[in-house]
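Asker: A single structure is presented below for examination.
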2 protein chains.
Amino acid sequence: MNNFWLSLKTDIFFGKGQISVLGKNLLKAGAKKVLLAYGHGSIKKNSVYNDIVKELKDAEIEFCELSGIDPNPRISTVRKGAQICRQENVDFIIAAGAGSVIDCCKAISAARYYNGDPWDFFLRKTSIKKALPLCTVLTLAATGSEMNAGMVISNEETGEKLASGSMKLKPRFSILDPEYTFSVPKNQTAAGIADITSHIFEQYFSYPTFSTVDRMSEAILKTVFHYGPIVLDNLEDYEARANIMWAGTIGLNGLLSTGKEGDWATHLIEHELSAKYDITHGIGLAILTPHWMKHVLDDSNEKIFAAYGRNVWNIQEKNDRKAALKAIENTADFFNSIGVPNSLSQLGIDSSRFEEMAESALKYNKIGRFKELSKEDIVKIYTESL
Amino acid sequence: MNNFWLSLKTDIFFGKGQISVLGKNLLKAGAKKVLLAYGHGSIKKNSVYNDIVKELKDAEIEFCELSGIDPNPRISTVRKGAQICRQENVDFIIAAGAGSVIDCCKAISAARYYNGDPWDFFLRKTSIKKALPLCTVLTLAATGSEMNAGMVISNEETGEKLASGSMKLKPRFSILDPEYTFSVPKNQTAAGIADITSHIFEQYFSYPTFSTVDRMSEAILKTVFHYGPIVLDNLEDYEARANIMWAGTIGLNGLLSTGKEGDWATHLIEHELSAKYDITHGIGLAILTPHWMKHVLDDSNEKIFAAYGRNVWNIQEKNDRKAALKAIENTADFFNSIGVPNSLSQLGIDSSRFEEMAESALKYNKIGRFKELSKEDIVKIYTESL
């Protein structure tokens, strides 16, 4: 395994009613004027918005609001949020929502102190020197953004969707109440589950192998595969929601990549899809993943796919290649079982922009550390996903 | 699962050569005068002591030393260390060694600012209000103290061995270089492995069940059971040492008890053995564990033991009780396979103090949350372990 540095600074408050620690922890962090940021108002349909406002009022903390953050959050919203933070002298941000809201707030927190345009962070023109502290109140188990340093933002002008990050963006604390995810509809719940599994795959299918970490990844996958169908059958099953929620956080807080490189090819080629067609990230991942697996499987890595099959799916097949193929089949079946679309054509996407997207995906990065993908590889994976 | 708060503040620098970050991180933490604390000099037989001193000198940080910390660290050493910190105006502690050294340093860091006797922390007469910051350079994979808030100290006057803790005691950072454990002899390596497995058992065999976390515990157990014999066969196998080391840290950093109660009966009744007979903690745990398992196994929990057997040992037996008993047998066989003694009599311990130890174990705490143990239960487990 590789050497690594692990810094898990975000405190987690997990469980029903944990919103009750919000005011106290904001005061402890010295918050005086808070930006409460959220999406298109689902937090007003359940109790989340009111619960947060009550905490703020009880703690006598002033706040202003930014609403309307999109599922693929936009750089224009980041600019707007940073402007509000400057005008209102905001000293702390509450990101109340899914990963999109959290990512947008991370970008706002850094943009607040940056004189240039915040898209520079994503073009790697500058690094993040300073950021407002933030916390999260999570309402969807999916991205893991609630305990990590990363963010993904879309640029509606250039049609790009790019990632960036900094240790300075790690939430100070995150409140994870599984009940806050009860009202997430079935299709979004399924997309979140697909996102979680994909995060783990990106880290699991990578070199070097590291048993302690790889076995943990298998553990989280087993949990998600077990509770995925259960939560979709009963959206208010607390135990299932709690398991999916905690799995989602651990799935991308850094632990499962300790000592490993990570692959991230599927994410990077999916970002092109959601940038160009504004599709749900998790759905794009679910469609691409089995095709990515089939495409990269070869003699050099079939043992890893076979281990995945045996340890996660309890496949007893002795032949590595057969076990690997069965594992990939099970993965596709799982995505089908949670009701997500299994082809790009179902989303109205045709092959017309595949070349363009493959080129765009390769514009800033090499793609794939488990197996590097050429433009032709990427077009092939898109085509097989049609 | 229960609600929980998780705060993993300790940064981890893992891998060969990571000592090179020590000076820089001490400076970043503002350290001006460091106490370098260690045990009976094994760090002078390998390169650890020299590596640390070089880092301190290169960073131009003054330091003083405390050596001779015992494997079951004593409250008298804590008092001595606190005295040195006061006299020498120490503002940062480096704990270079195994869990015993780290625990002793944690107690010293709190005792430094406490006007009463530090044994008060362990008698719960006072809580820890302030502590010196500390870091660790780990030389034995075992206790997990390098990333947690706990400590266990022995009182040689009263014959007690008690635990205490505070979030203020969490190491700022820990350097985990698997090569620093190469020189740990076979018997101590095995005792460390036994300690790690026991930590995971204490958390795994507890209520409520929580799949995300329980599956992770199984993952870590699988790794330890796999690499235990490998590392004992070749004490300088980097991959095996690294896996055992990271497993040991994750095994007791809080993650595997999220949402769960923990049992800790085996630890508490073992503490009596090492307090009275000064035996190696891990050896005591290895002897007691299979007998604790057999003693507490009943209709209400056999499913959990069976899950352990199936998920960790790949036992295919359908009947829960039979799978549970086979899992316990495998556990005992594992401890035998790593060459640790399997009976108290092998350590020269007879039944003469069993009653006294059982009473002492129950003096401050109820014992066992997975299954509460009476004095009679404890005596029976000791007796079966003879």
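Every chain in the structure tokens has a letter given in the order shown (A, B, ...), and although residue numbers restart at 1 in each chain, ligands are simply numbered from 1 in the order shown.
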Could you list the residues in chain B lying within 8 Å of chain A, using only C-alpha atoms, and format the result as a ChimeraX atom specification?
Answerer: /B:1-16,18,210-212,215-216,218-220,222-223,239,243,246-247
Asker: Please identify all polymer residues within 12 Å of Trp313 (chain A), counting only C-alpha atoms, omitting same-chain residues fewer than 3 positions from it, and present them as a VMD selection string.
Answerer: (chain A and resid 218 to 219 221 to 226 305 to 310 316 to 317 323 to 331 333 to 334) or (chain B and resid 311)
Asker: Near Ser345 (chain A), counting only C-alpha atoms, which residues have an atom at most 10 Å away, once you skip same-chain residues fewer than 6 positions from it, shown as a list in words?
Answerer: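 With the cut-off at 10 Å, the set is Ser351, Ser385 and Leu386 of chain A.
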Asker: Quick one: pick out all helix (DSSP H, G or I) residues within region 252-289 of chain B from a backbone DSSP run and write them as a ChimeraX atom specification.
Answerer: /B:255-257,265-277,281-289
Asker: For the selection just defined, write its residues with N, CA and C atoms to a file, as a PDB file, in the first residue's frame.
Answerer:
ATOM      1  N   LEU B 255     -14.655   4.329  15.345  1.00  0.00           N
ATOM      2  CA  LEU B 255     -15.486   4.030  14.179  1.00  0.00           C
ATOM      3  C   LEU B 255     -16.304   2.751  14.368  1.00  0.00           C
ATOM      4  N   LEU B 256     -15.675   1.730  14.933  1.00  0.00           N
ATOM      5  CA  LEU B 256     -16.350   0.430  15.030  1.00  0.00           C
ATOM      6  C   LEU B 256     -17.332   0.360  16.198  1.00  0.00           C
ATOM      7  N   SER B 257     -17.407   1.441  16.957  1.00  0.00           N
ATOM      8  CA  SER B 257     -18.438   1.454  18.007  1.00  0.00           C
ATOM      9  C   SER B 257     -19.520   2.483  17.704  1.00  0.00           C
ATOM     10  N   ALA B 265     -16.528  -6.523  28.688  1.00  0.00           N
ATOM     11  CA  ALA B 265     -16.394  -7.417  29.854  1.00  0.00           C
ATOM     12  C   ALA B 265     -15.018  -8.082  29.873  1.00  0.00           C
ATOM     13  N   THR B 266     -14.596  -8.603  28.721  1.00  0.00           N
ATOM     14  CA  THR B 266     -13.324  -9.336  28.694  1.00  0.00           C
ATOM     15  C   THR B 266     -12.174  -8.420  29.099  1.00  0.00           C
ATOM     16  N   HIS B 267     -12.190  -7.196  28.593  1.00  0.00           N
ATOM     17  CA  HIS B 267     -11.141  -6.254  28.989  1.00  0.00           C
ATOM     18  C   HIS B 267     -11.142  -6.003  30.492  1.00  0.00           C
ATOM     19  N   LEU B 268     -12.339  -5.798  31.035  1.00  0.00           N
ATOM     20  CA  LEU B 268     -12.388  -5.433  32.457  1.00  0.00           C
ATOM     21  C   LEU B 268     -11.959  -6.590  33.352  1.00  0.00           C
ATOM     22  N   ILE B 269     -12.318  -7.804  32.957  1.00  0.00           N
ATOM     23  CA  ILE B 269     -11.878  -8.905  33.832  1.00  0.00           C
ATOM     24  C   ILE B 269     -10.404  -9.254  33.570  1.00  0.00           C
ATOM     25  N   GLU B 270      -9.925  -8.913  32.391  1.00  0.00           N
ATOM     26  CA  GLU B 270      -8.478  -9.109  32.148  1.00  0.00           C
ATOM     27  C   GLU B 270      -7.654  -8.090  32.926  1.00  0.00           C
ATOM     28  N   HIS B 271      -8.158  -6.867  33.021  1.00  0.00           N
ATOM     29  CA  HIS B 271      -7.392  -5.847  33.744  1.00  0.00           C
ATOM     30  C   HIS B 271      -7.039  -6.316  35.156  1.00  0.00           C
ATOM     31  N   GLU B 272      -7.918  -7.109  35.746  1.00  0.00           N
ATOM     32  CA  GLU B 272      -7.630  -7.648  37.083  1.00  0.00           C
ATOM     33  C   GLU B 272      -6.412  -8.570  37.039  1.00  0.00           C
ATOM     34  N   LEU B 273      -6.358  -9.381  36.005  1.00  0.00           N
ATOM     35  CA  LEU B 273      -5.221 -10.302  35.868  1.00  0.00           C
ATOM     36  C   LEU B 273      -3.916  -9.539  35.698  1.00  0.00           C
ATOM     37  N   SER B 274      -3.926  -8.537  34.792  1.00  0.00           N
ATOM     38  CA  SER B 274      -2.649  -7.842  34.586  1.00  0.00           C
ATOM     39  C   SER B 274      -2.324  -6.913  35.743  1.00  0.00           C
ATOM     40  N   ALA B 275      -3.341  -6.475  36.476  1.00  0.00           N
ATOM     41  CA  ALA B 275      -3.061  -5.666  37.678  1.00  0.00           C
ATOM     42  C   ALA B 275      -2.447  -6.542  38.777  1.00  0.00           C
ATOM     43  N   LYS B 276      -2.996  -7.727  38.961  1.00  0.00           N
ATOM     44  CA  LYS B 276      -2.516  -8.572  40.069  1.00  0.00           C
ATOM     45  C   LYS B 276      -1.242  -9.336  39.707  1.00  0.00           C
ATOM     46  N   TYR B 277      -1.126  -9.746  38.462  1.00  0.00           N
ATOM     47  CA  TYR B 277       0.000 -10.615  38.087  1.00  0.00           C
ATOM     48  C   TYR B 277       0.963  -9.977  37.089  1.00  0.00           C
ATOM     49  N   HIS B 281      -1.256  -7.753  28.731  1.00  0.00           N
ATOM     50  CA  HIS B 281      -2.693  -7.559  28.525  1.00  0.00           C
ATOM     51  C   HIS B 281      -3.232  -8.431  27.384  1.00  0.00           C
ATOM     52  N   GLY B 282      -2.549  -8.418  26.247  1.00  0.00           N
ATOM     53  CA  GLY B 282      -3.026  -9.160  25.083  1.00  0.00           C
ATOM     54  C   GLY B 282      -3.075 -10.662  25.333  1.00  0.00           C
ATOM     55  N   ILE B 283      -2.125 -11.150  26.089  1.00  0.00           N
ATOM     56  CA  ILE B 283      -2.096 -12.585  26.414  1.00  0.00           C
ATOM     57  C   ILE B 283      -3.300 -12.936  27.295  1.00  0.00           C
ATOM     58  N   GLY B 284      -3.537 -12.102  28.279  1.00  0.00           N
ATOM     59  CA  GLY B 284      -4.703 -12.327  29.144  1.00  0.00           C
ATOM     60  C   GLY B 284      -5.996 -12.346  28.332  1.00  0.00           C
ATOM     61  N   LEU B 285      -6.102 -11.415  27.398  1.00  0.00           N
ATOM     62  CA  LEU B 285      -7.304 -11.349  26.553  1.00  0.00           C
ATOM     63  C   LEU B 285      -7.461 -12.601  25.698  1.00  0.00           C
ATOM     64  N   ALA B 286      -6.339 -13.054  25.123  1.00  0.00           N
ATOM     65  CA  ALA B 286      -6.401 -14.238  24.248  1.00  0.00           C
ATOM     66  C   ALA B 286      -6.863 -15.459  25.038  1.00  0.00           C
ATOM     67  N   ILE B 287      -6.422 -15.553  26.276  1.00  0.00           N
ATOM     68  CA  ILE B 287      -6.826 -16.706  27.102  1.00  0.00           C
ATOM     69  C   ILE B 287      -8.301 -16.617  27.468  1.00  0.00           C
ATOM     70  N   LEU B 288      -8.723 -15.424  27.880  1.00  0.00           N
ATOM     71  CA  LEU B 288     -10.100 -15.286  28.381  1.00  0.00           C
ATOM     72  C   LEU B 288     -11.157 -15.303  27.274  1.00  0.00           C
ATOM     73  N   THR B 289     -10.822 -14.757  26.098  1.00  0.00           N
ATOM     74  CA  THR B 289     -11.851 -14.501  25.085  1.00  0.00           C
ATOM     75  C   THR B 289     -12.703 -15.714  24.689  1.00  0.00           C
TER      76      THR B 289
END
Asker: At a cut-off of 6 Å, using only C-alpha atoms, what residues contact Gly368 (chain B)? Leave out same-chain residues fewer than 2 positions from it and give the result as a ChimeraX atom specification.
Answerer: /B:263,265,370-373
Asker: Take the residues from that selection and put them in a file with N, CA and C atoms, as a CSV table (one decimal), in the first residue's frame.
Answerer:
chain,number,residue,atom,x,y,z
B,263,ASP,N,-19.2,-3.9,24.7
B,263,ASP,CA,-19.4,-4.8,25.8
B,263,ASP,C,-18.3,-4.6,26.9
B,265,ALA,N,-16.5,-6.5,28.7
B,265,ALA,CA,-16.4,-7.4,29.9
B,265,ALA,C,-15.0,-8.1,29.9
B,370,PHE,N,-23.2,-6.6,26.6
B,370,PHE,CA,-23.8,-7.6,25.7
B,370,PHE,C,-24.5,-8.7,26.5
B,371,LYS,N,-23.8,-9.0,27.6
B,371,LYS,CA,-24.5,-9.9,28.6
B,371,LYS,C,-23.8,-9.5,29.9
B,372,GLU,N,-24.6,-9.1,30.9
B,372,GLU,CA,-24.0,-8.6,32.1
B,372,GLU,C,-23.5,-9.8,32.9
B,373,LEU,N,-22.3,-9.6,33.5
B,373,LEU,CA,-21.7,-10.7,34.3
B,373,LEU,C,-21.8,-10.4,35.8
Asker: I'd like the interatomic distance between CA of Lys106 (chain B) and CA of Ala29 (chain A), to a tenth of an Å.
Answerer: 25.7 Å
Asker: Restricting the calculation to only C-alpha atoms: of A:Arg241, A:Leu252, A:Gly30, A:Gly228, which residue gets closest to Asn336 (chain A)?
Answerer: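 Of A:Arg241, A:Leu252, A:Gly30, A:Gly228, the one nearest Asn336 (chain A) is A:Gly228, counting only C-alpha atoms.
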Asker: Work out how far apart CA of Glu65 (chain A) and CA of Thr189 (chain A) are and give it in Å to one decimal.
Answerer: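 About the pair CA of Glu65 (chain A) and CA of Thr189 (chain A): they are 26.1 Å apart.
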Asker: So which one's closest to Ala31 (chain B), B:Lys294, B:Lys161, B:Arg172, B:Arg124? Using only C-alpha atoms, please.
Answerer: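 Checking each of B:Lys294, B:Lys161, B:Arg172, B:Arg124 against Ala31 (chain B), counting only C-alpha atoms, the winner is B:Arg172.
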Asker: Mind giving me the straight-line distance from CA of Pro71 (chain B) to CA of Thr136 (chain B) in Å, one decimal?
Answerer: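 Distance between the two atoms: 16.1 Å.
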